[in-house]
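Note: the block below is data-v2.cif and it holds mmCIF, N, CA and C atoms.
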```cif
data_query
loop_
_atom_site.label_atom_id
_atom_site.label_comp_id
_atom_site.auth_asym_id
_atom_site.auth_seq_id
_atom_site.Cartn_x
_atom_site.Cartn_y
_atom_site.Cartn_z
N MET A 250 123.44 101.08 109.95
CA MET A 250 123.72 99.66 109.94
C MET A 250 124.31 99.30 108.57
N ALA A 251 125.49 98.73 108.53
CA ALA A 251 126.13 98.35 107.28
C ALA A 251 125.51 97.08 106.73
N MET A 252 125.44 97.03 105.40
CA MET A 252 124.87 95.86 104.75
C MET A 252 125.98 94.92 104.32
N THR A 253 125.65 93.66 104.22
CA THR A 253 126.61 92.69 103.73
C THR A 253 126.72 92.82 102.22
N GLU A 254 127.77 92.25 101.64
CA GLU A 254 127.94 92.27 100.19
C GLU A 254 126.78 91.58 99.50
N LYS A 255 126.28 90.48 100.08
CA LYS A 255 125.14 89.75 99.51
C LYS A 255 123.91 90.64 99.44
N GLU A 256 123.63 91.39 100.52
CA GLU A 256 122.46 92.27 100.54
C GLU A 256 122.59 93.39 99.51
N THR A 257 123.78 93.96 99.39
CA THR A 257 123.99 95.02 98.42
C THR A 257 123.79 94.50 97.00
N THR A 258 124.35 93.34 96.70
CA THR A 258 124.25 92.76 95.36
C THR A 258 122.83 92.35 95.03
N SER A 259 122.17 91.67 95.94
CA SER A 259 120.83 91.17 95.64
C SER A 259 119.77 92.25 95.67
N ALA A 260 120.02 93.34 96.35
CA ALA A 260 119.02 94.39 96.43
C ALA A 260 119.16 95.43 95.34
N GLY A 261 120.31 95.47 94.69
CA GLY A 261 120.50 96.38 93.58
C GLY A 261 120.30 97.83 93.96
N ALA A 262 119.41 98.50 93.25
CA ALA A 262 119.20 99.93 93.41
C ALA A 262 118.43 100.30 94.67
N LEU A 263 118.05 99.34 95.48
CA LEU A 263 117.23 99.63 96.66
C LEU A 263 118.04 100.08 97.86
N VAL A 264 119.33 100.22 97.73
CA VAL A 264 120.15 100.61 98.86
C VAL A 264 120.50 102.08 98.75
N PRO A 265 120.73 102.77 99.81
CA PRO A 265 120.64 102.34 101.19
C PRO A 265 119.21 102.47 101.72
N TYR A 266 118.99 101.99 102.91
CA TYR A 266 117.69 102.12 103.56
C TYR A 266 117.91 102.74 104.92
N ASP A 267 116.86 103.23 105.51
CA ASP A 267 116.91 103.88 106.81
C ASP A 267 116.37 102.93 107.87
N PRO A 268 117.22 102.41 108.74
CA PRO A 268 116.76 101.46 109.75
C PRO A 268 115.66 102.01 110.66
N ALA A 269 115.72 103.29 110.98
CA ALA A 269 114.67 103.88 111.84
C ALA A 269 113.33 103.90 111.11
N GLN A 270 113.35 104.23 109.82
CA GLN A 270 112.12 104.23 109.04
C GLN A 270 111.58 102.81 108.88
N LEU A 271 112.48 101.85 108.68
CA LEU A 271 112.06 100.46 108.60
C LEU A 271 111.34 100.05 109.89
N GLN A 272 111.87 100.44 111.04
CA GLN A 272 111.23 100.11 112.32
C GLN A 272 109.84 100.74 112.41
N ARG A 273 109.71 102.00 112.00
CA ARG A 273 108.40 102.66 112.02
C ARG A 273 107.42 101.96 111.09
N ASP A 274 107.88 101.61 109.90
CA ASP A 274 107.01 100.93 108.93
C ASP A 274 106.60 99.55 109.43
N GLU A 275 107.55 98.82 110.03
CA GLU A 275 107.22 97.50 110.58
C GLU A 275 106.15 97.62 111.67
N THR A 276 106.26 98.63 112.51
CA THR A 276 105.27 98.84 113.58
C THR A 276 103.91 99.14 112.98
N THR A 277 103.86 100.02 111.99
CA THR A 277 102.60 100.36 111.32
C THR A 277 101.96 99.13 110.70
N VAL A 278 102.76 98.35 110.00
CA VAL A 278 102.25 97.16 109.32
C VAL A 278 101.80 96.12 110.34
N SER A 279 102.59 95.90 111.38
CA SER A 279 102.23 94.92 112.41
C SER A 279 100.91 95.26 113.07
N LYS A 280 100.67 96.54 113.32
CA LYS A 280 99.46 96.97 114.01
C LYS A 280 98.23 96.98 113.11
N GLY A 281 98.41 97.19 111.80
CA GLY A 281 97.23 97.42 110.99
C GLY A 281 97.02 96.60 109.74
N PHE A 282 97.96 95.73 109.39
CA PHE A 282 97.85 95.04 108.11
C PHE A 282 96.60 94.16 107.99
N TRP A 283 96.39 93.27 108.95
CA TRP A 283 95.28 92.32 108.83
C TRP A 283 93.93 93.03 108.93
N ALA A 284 93.84 94.04 109.76
CA ALA A 284 92.58 94.80 109.85
C ALA A 284 92.30 95.52 108.54
N LYS A 285 93.33 96.08 107.92
CA LYS A 285 93.15 96.78 106.64
C LYS A 285 92.70 95.79 105.56
N LEU A 286 93.25 94.59 105.56
CA LEU A 286 92.81 93.58 104.59
C LEU A 286 91.32 93.31 104.73
N ARG A 287 90.87 93.16 105.95
CA ARG A 287 89.45 92.89 106.18
C ARG A 287 88.58 94.05 105.71
N LEU A 288 89.03 95.27 105.94
CA LEU A 288 88.27 96.46 105.52
C LEU A 288 88.21 96.61 104.00
N THR A 289 89.21 96.11 103.31
CA THR A 289 89.28 96.31 101.86
C THR A 289 88.69 95.15 101.07
N LEU A 290 88.23 94.13 101.74
CA LEU A 290 87.66 92.97 101.05
C LEU A 290 86.59 93.42 100.05
N GLY A 291 86.74 93.01 98.83
CA GLY A 291 85.79 93.34 97.78
C GLY A 291 86.03 94.70 97.16
N LYS A 292 86.90 95.51 97.74
CA LYS A 292 87.17 96.85 97.23
C LYS A 292 88.54 96.95 96.56
N ALA A 293 89.45 96.09 96.94
CA ALA A 293 90.81 96.13 96.41
C ALA A 293 91.17 94.75 95.86
N PRO A 294 91.42 94.67 94.56
CA PRO A 294 91.69 93.36 93.94
C PRO A 294 93.11 92.84 94.14
N PHE A 295 93.92 93.53 94.92
CA PHE A 295 95.33 93.16 95.05
C PHE A 295 95.68 92.59 96.43
N LEU A 296 94.69 92.07 97.14
CA LEU A 296 94.94 91.59 98.50
C LEU A 296 95.94 90.43 98.55
N GLU A 297 95.86 89.55 97.57
CA GLU A 297 96.80 88.42 97.57
C GLU A 297 98.23 88.89 97.35
N ASP A 298 98.41 89.86 96.46
CA ASP A 298 99.75 90.41 96.23
C ASP A 298 100.26 91.13 97.47
N ALA A 299 99.38 91.89 98.13
CA ALA A 299 99.78 92.59 99.35
C ALA A 299 100.18 91.59 100.44
N THR A 300 99.44 90.50 100.53
CA THR A 300 99.73 89.50 101.55
C THR A 300 101.03 88.76 101.24
N ALA A 301 101.27 88.47 99.97
CA ALA A 301 102.55 87.85 99.58
C ALA A 301 103.71 88.80 99.90
N ALA A 302 103.52 90.08 99.66
CA ALA A 302 104.55 91.07 99.99
C ALA A 302 104.79 91.09 101.50
N TYR A 303 103.71 90.99 102.27
CA TYR A 303 103.81 90.95 103.73
C TYR A 303 104.68 89.75 104.17
N TYR A 304 104.38 88.57 103.63
CA TYR A 304 105.16 87.40 104.03
C TYR A 304 106.60 87.48 103.56
N CYS A 305 106.83 88.06 102.41
CA CYS A 305 108.21 88.25 101.93
C CYS A 305 108.96 89.20 102.86
N ALA A 306 108.30 90.28 103.25
CA ALA A 306 108.94 91.27 104.12
C ALA A 306 109.26 90.70 105.50
N ARG A 307 108.50 89.72 105.94
CA ARG A 307 108.73 89.12 107.26
C ARG A 307 109.65 87.89 107.20
N ASP A 308 110.04 87.49 106.02
CA ASP A 308 110.89 86.32 105.84
C ASP A 308 112.33 86.68 106.24
N PRO A 309 112.95 85.91 107.16
CA PRO A 309 114.32 86.21 107.57
C PRO A 309 115.34 86.11 106.43
N GLU A 310 115.00 85.40 105.36
CA GLU A 310 115.92 85.26 104.24
C GLU A 310 115.87 86.45 103.27
N THR A 311 114.89 87.32 103.42
CA THR A 311 114.76 88.48 102.54
C THR A 311 115.78 89.54 102.97
N PRO A 312 116.56 90.06 102.02
CA PRO A 312 117.57 91.08 102.36
C PRO A 312 116.91 92.33 102.96
N LEU A 313 117.60 92.96 103.90
CA LEU A 313 117.05 94.13 104.60
C LEU A 313 116.58 95.26 103.67
N PRO A 314 117.30 95.61 102.61
CA PRO A 314 116.80 96.68 101.75
C PRO A 314 115.48 96.30 101.07
N VAL A 315 115.30 95.04 100.75
CA VAL A 315 114.05 94.57 100.15
C VAL A 315 112.94 94.62 101.20
N LYS A 316 113.24 94.18 102.42
CA LYS A 316 112.26 94.27 103.51
C LYS A 316 111.82 95.71 103.70
N ALA A 317 112.79 96.62 103.72
CA ALA A 317 112.49 98.04 103.94
C ALA A 317 111.59 98.58 102.83
N THR A 318 111.86 98.20 101.61
CA THR A 318 111.06 98.67 100.48
C THR A 318 109.64 98.12 100.57
N LEU A 319 109.52 96.82 100.86
CA LEU A 319 108.19 96.21 100.99
C LEU A 319 107.43 96.79 102.18
N MET A 320 108.09 96.97 103.31
CA MET A 320 107.42 97.52 104.48
C MET A 320 106.93 98.94 104.22
N ALA A 321 107.70 99.72 103.48
CA ALA A 321 107.26 101.08 103.15
C ALA A 321 105.98 101.05 102.31
N ALA A 322 105.94 100.16 101.33
CA ALA A 322 104.74 100.04 100.49
C ALA A 322 103.56 99.53 101.30
N LEU A 323 103.79 98.57 102.17
CA LEU A 323 102.71 98.03 103.00
C LEU A 323 102.22 99.05 104.02
N ALA A 324 103.13 99.85 104.56
CA ALA A 324 102.73 100.90 105.49
C ALA A 324 101.87 101.93 104.77
N TYR A 325 102.20 102.25 103.53
CA TYR A 325 101.39 103.17 102.74
C TYR A 325 99.98 102.60 102.57
N PHE A 326 99.88 101.32 102.31
CA PHE A 326 98.59 100.65 102.17
C PHE A 326 97.80 100.71 103.48
N VAL A 327 98.46 100.48 104.60
CA VAL A 327 97.79 100.41 105.90
C VAL A 327 97.32 101.79 106.38
N LEU A 328 98.11 102.81 106.17
CA LEU A 328 97.76 104.13 106.68
C LEU A 328 96.50 104.67 106.02
N PRO A 329 95.58 105.21 106.82
CA PRO A 329 94.32 105.69 106.26
C PRO A 329 94.46 106.97 105.45
N SER A 330 95.48 107.78 105.72
CA SER A 330 95.63 109.02 104.97
C SER A 330 96.76 108.85 103.96
N ASP A 331 96.41 108.96 102.69
CA ASP A 331 97.41 108.89 101.64
C ASP A 331 96.96 109.80 100.50
N MET A 332 97.58 109.68 99.35
CA MET A 332 97.30 110.60 98.23
C MET A 332 95.83 110.62 97.84
N ILE A 333 95.22 109.45 97.74
CA ILE A 333 93.80 109.36 97.41
C ILE A 333 93.14 108.59 98.56
N PRO A 334 92.31 109.27 99.36
CA PRO A 334 91.68 108.57 100.49
C PRO A 334 90.93 107.32 100.05
N ASP A 335 91.04 106.27 100.84
CA ASP A 335 90.48 104.96 100.48
C ASP A 335 88.97 104.96 100.34
N PHE A 336 88.29 105.89 100.99
CA PHE A 336 86.82 105.90 100.94
C PHE A 336 86.26 106.44 99.63
N ILE A 337 87.08 107.00 98.76
CA ILE A 337 86.58 107.55 97.50
C ILE A 337 86.30 106.38 96.54
N ALA A 338 85.03 106.18 96.24
CA ALA A 338 84.60 105.05 95.40
C ALA A 338 85.29 105.07 94.05
N GLY A 339 85.81 103.92 93.66
CA GLY A 339 86.42 103.77 92.35
C GLY A 339 87.86 104.22 92.26
N LEU A 340 88.29 105.10 93.14
CA LEU A 340 89.66 105.62 93.07
C LEU A 340 90.47 105.37 94.33
N GLY A 341 89.81 105.10 95.42
CA GLY A 341 90.46 105.06 96.72
C GLY A 341 91.66 104.16 96.86
N PHE A 342 91.69 103.07 96.15
CA PHE A 342 92.82 102.14 96.29
C PHE A 342 93.77 102.18 95.09
N THR A 343 93.53 103.08 94.14
CA THR A 343 94.41 103.13 92.97
C THR A 343 95.83 103.53 93.35
N ASP A 344 95.98 104.47 94.27
CA ASP A 344 97.33 104.85 94.68
C ASP A 344 98.00 103.73 95.47
N ASP A 345 97.23 103.04 96.32
CA ASP A 345 97.79 101.91 97.06
C ASP A 345 98.26 100.82 96.11
N ALA A 346 97.43 100.52 95.10
CA ALA A 346 97.78 99.50 94.12
C ALA A 346 99.01 99.91 93.32
N THR A 347 99.08 101.17 92.95
CA THR A 347 100.23 101.67 92.18
C THR A 347 101.52 101.52 92.98
N VAL A 348 101.48 101.93 94.24
CA VAL A 348 102.67 101.82 95.10
C VAL A 348 103.05 100.35 95.27
N LEU A 349 102.07 99.51 95.54
CA LEU A 349 102.35 98.09 95.76
C LEU A 349 102.93 97.44 94.50
N PHE A 350 102.30 97.66 93.35
CA PHE A 350 102.78 97.00 92.13
C PHE A 350 104.12 97.56 91.66
N ALA A 351 104.37 98.84 91.86
CA ALA A 351 105.68 99.39 91.53
C ALA A 351 106.76 98.76 92.41
N THR A 352 106.44 98.61 93.69
CA THR A 352 107.38 97.99 94.62
C THR A 352 107.62 96.53 94.26
N LEU A 353 106.54 95.80 93.99
CA LEU A 353 106.70 94.39 93.61
C LEU A 353 107.50 94.26 92.32
N GLY A 354 107.35 95.21 91.42
CA GLY A 354 108.15 95.19 90.20
C GLY A 354 109.63 95.31 90.50
N LEU A 355 109.98 96.09 91.52
CA LEU A 355 111.38 96.27 91.89
C LEU A 355 111.97 95.04 92.59
N VAL A 356 111.14 94.34 93.35
CA VAL A 356 111.66 93.25 94.19
C VAL A 356 111.05 91.90 93.83
N SER A 357 110.48 91.77 92.66
CA SER A 357 109.73 90.57 92.29
C SER A 357 110.55 89.28 92.42
N ASN A 358 111.84 89.35 92.21
CA ASN A 358 112.65 88.13 92.32
C ASN A 358 112.82 87.67 93.77
N HIS A 359 112.39 88.49 94.73
CA HIS A 359 112.46 88.09 96.13
C HIS A 359 111.13 87.55 96.66
N VAL A 360 110.04 87.81 95.95
CA VAL A 360 108.74 87.29 96.36
C VAL A 360 108.62 85.89 95.77
N ARG A 361 108.79 84.92 96.62
CA ARG A 361 108.87 83.52 96.20
C ARG A 361 107.51 82.83 96.19
N GLY A 362 107.49 81.65 95.62
CA GLY A 362 106.28 80.84 95.61
C GLY A 362 105.78 80.55 97.01
N ARG A 363 106.70 80.37 97.95
CA ARG A 363 106.29 80.08 99.33
C ARG A 363 105.55 81.27 99.95
N HIS A 364 105.93 82.49 99.57
CA HIS A 364 105.24 83.68 100.08
C HIS A 364 103.83 83.76 99.49
N ARG A 365 103.72 83.45 98.22
CA ARG A 365 102.40 83.49 97.55
C ARG A 365 101.49 82.38 98.09
N LEU A 366 102.05 81.21 98.36
CA LEU A 366 101.26 80.11 98.92
C LEU A 366 100.77 80.46 100.32
N ARG A 367 101.64 81.02 101.14
CA ARG A 367 101.22 81.44 102.49
C ARG A 367 100.13 82.50 102.41
N ALA A 368 100.25 83.39 101.43
CA ALA A 368 99.24 84.44 101.25
C ALA A 368 97.88 83.83 100.92
N LYS A 369 97.87 82.89 99.97
CA LYS A 369 96.61 82.24 99.59
C LYS A 369 95.99 81.53 100.78
N LYS A 370 96.81 80.79 101.51
CA LYS A 370 96.30 80.03 102.66
C LYS A 370 95.77 80.97 103.74
N ALA A 371 96.46 82.06 103.99
CA ALA A 371 96.02 83.01 105.02
C ALA A 371 94.70 83.66 104.62
N LEU A 372 94.56 84.05 103.37
CA LEU A 372 93.33 84.68 102.92
C LEU A 372 92.17 83.70 102.95
N LEU A 373 92.42 82.44 102.61
CA LEU A 373 91.38 81.42 102.71
C LEU A 373 90.95 81.21 104.17
N ARG A 374 91.93 81.08 105.04
CA ARG A 374 91.68 80.84 106.46
C ARG A 374 90.88 81.99 107.08
N LEU A 375 91.16 83.20 106.66
CA LEU A 375 90.47 84.37 107.21
C LEU A 375 89.13 84.66 106.50
N GLY A 376 88.84 83.86 105.50
CA GLY A 376 87.60 84.09 104.76
C GLY A 376 87.65 85.27 103.82
N LEU A 377 88.86 85.70 103.47
CA LEU A 377 89.03 86.83 102.58
C LEU A 377 89.20 86.41 101.13
N LYS A 378 89.22 85.10 100.93
CA LYS A 378 89.33 84.53 99.59
C LYS A 378 88.40 83.32 99.57
N LYS A 379 87.67 83.16 98.49
CA LYS A 379 86.64 82.12 98.43
C LYS A 379 87.18 80.75 98.05
N THR A 380 88.10 80.68 97.09
CA THR A 380 88.61 79.38 96.63
C THR A 380 90.13 79.39 96.58
N ALA A 381 90.71 78.22 96.48
CA ALA A 381 92.17 78.09 96.43
C ALA A 381 92.72 78.36 95.05
N ALA A 382 91.91 78.60 94.05
CA ALA A 382 92.37 78.79 92.67
C ALA A 382 93.24 79.99 92.50
#
```
For the file at hand, write its structure as structure tokens.
Amino acid sequence: MAMTEKETTSAGALVPYDPAQLQRDETTVSKGFWAKLRLTLGKAPFLEDATAAYYCARDPETPLPVKATLMAALAYFVLPSDMIPDFIAGLGFTDDATVLFATLGLVSNHVRGRHRLRAKKALLRLGLKKTAA
């Protein structure tokens, strides 16, 4: 799938992406993201960032290469088998956090205030966050 000039310019070094891999990652994230958030409550301090990344990746205004990059990071978070298994106390989510924060560093200008606000509201609504602060 060819990208538009706008997508190439705004995505920078994130091009090209693999549409088939994006589809697989979207399926993984769609099936497991919210359940994984519930399982990680109190164990992973980056839930709000992960949720903001989720909303950015699902935003129709986000360029496809950025969506692909975010979906890949979110799929890594969702999958139970990764470099450091999540059940290992103290270390289990360090690789997930590293992947997520590295990805957010690459695409931070695409994660907007509206994505962060939706993330806060969703976590509050689901009882995964105690206050709006």
For Leu313 in chain A, the closest of A:Thr343, A:Val278, A:Ala351, A:Tyr266 counting only N, CA and C atoms is A:Tyr266
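Remark: residues at most 8 Å from position (98.0, 100.1, 103.1) in file coordinates are Gly281, Phe282, Lys285, Leu286, Ala322, Leu323, Ala324, Tyr325, Phe326, Val327, Leu328, Pro329 and Asp345 of chain A, using all atoms listed in the file.
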Hey, what's within 7 Å of Lys369 in chain A if we count all atoms listed in the file and toss same-chain stuff fewer than 4 positions away? As a list in words, please?
->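 So the residues in contact are Glu297, Thr300, Ala301, His364, Arg365, Leu373, Arg374 and Ala381 of chain A.
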Let me know the residues the PyMOL selection byres ((chain A and resi 360) around 8) catches in the file above, as a ChimeraX atom specification.
-> /A:301-302,304-306,353,356-359,361-365
Interatomic distance, CA of Tyr303 in chain A to CA of Leu372 in chain A (Å, one decimal) | 12.2 Å
Identify which of the residues A:Trp283, A:Glu310, A:Ala317, A:Gly376 lies closest to Pro268 in chain A, counting only C-alpha atoms when measuring atom-to-atom distances.
->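 Ranked by minimum distance to Pro268 in chain A, first place goes to A:Ala317.
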Rounded to one decimal in Å, what is the spacing between CA of Pro314 in chain A and CA of Ala293 in chain A?
-> 26.5 Å
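Rounded to one decimal, CA of Leu375 in chain A and CA of Gln270 in chain A lie 29.4 Å from each other.
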Could you give me the centre and size, in Å to one decimal, of an axis-aligned box around all listed atoms of range 322-326 of chain A with 5 Å added on every side, as AutoDock Vina command-line options?
```
--center_x 101.9 --center_y 100.6 --center_z 103.0 --size_x 18.1 --size_y 15.1 --size_z 15.0
```
Counting only N, CA and C atoms, which of A:Val315, A:Leu377, A:Leu349, A:Ala321 gets nearest to Ala299 in chain A?
->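 Of A:Val315, A:Leu377, A:Leu349, A:Ala321, the one nearest Ala299 in chain A, counting only N, CA and C atoms, is A:Leu349.
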For each of A:Pro312, A:Ser279, A:Asp298, A:Leu366, take the minimum atom-to-atom distance to Phe350 in chain A, counting all atoms listed in the file, then give the residue where this is smallest.
->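 For Phe350 in chain A, the nearest of the given residues is A:Asp298.
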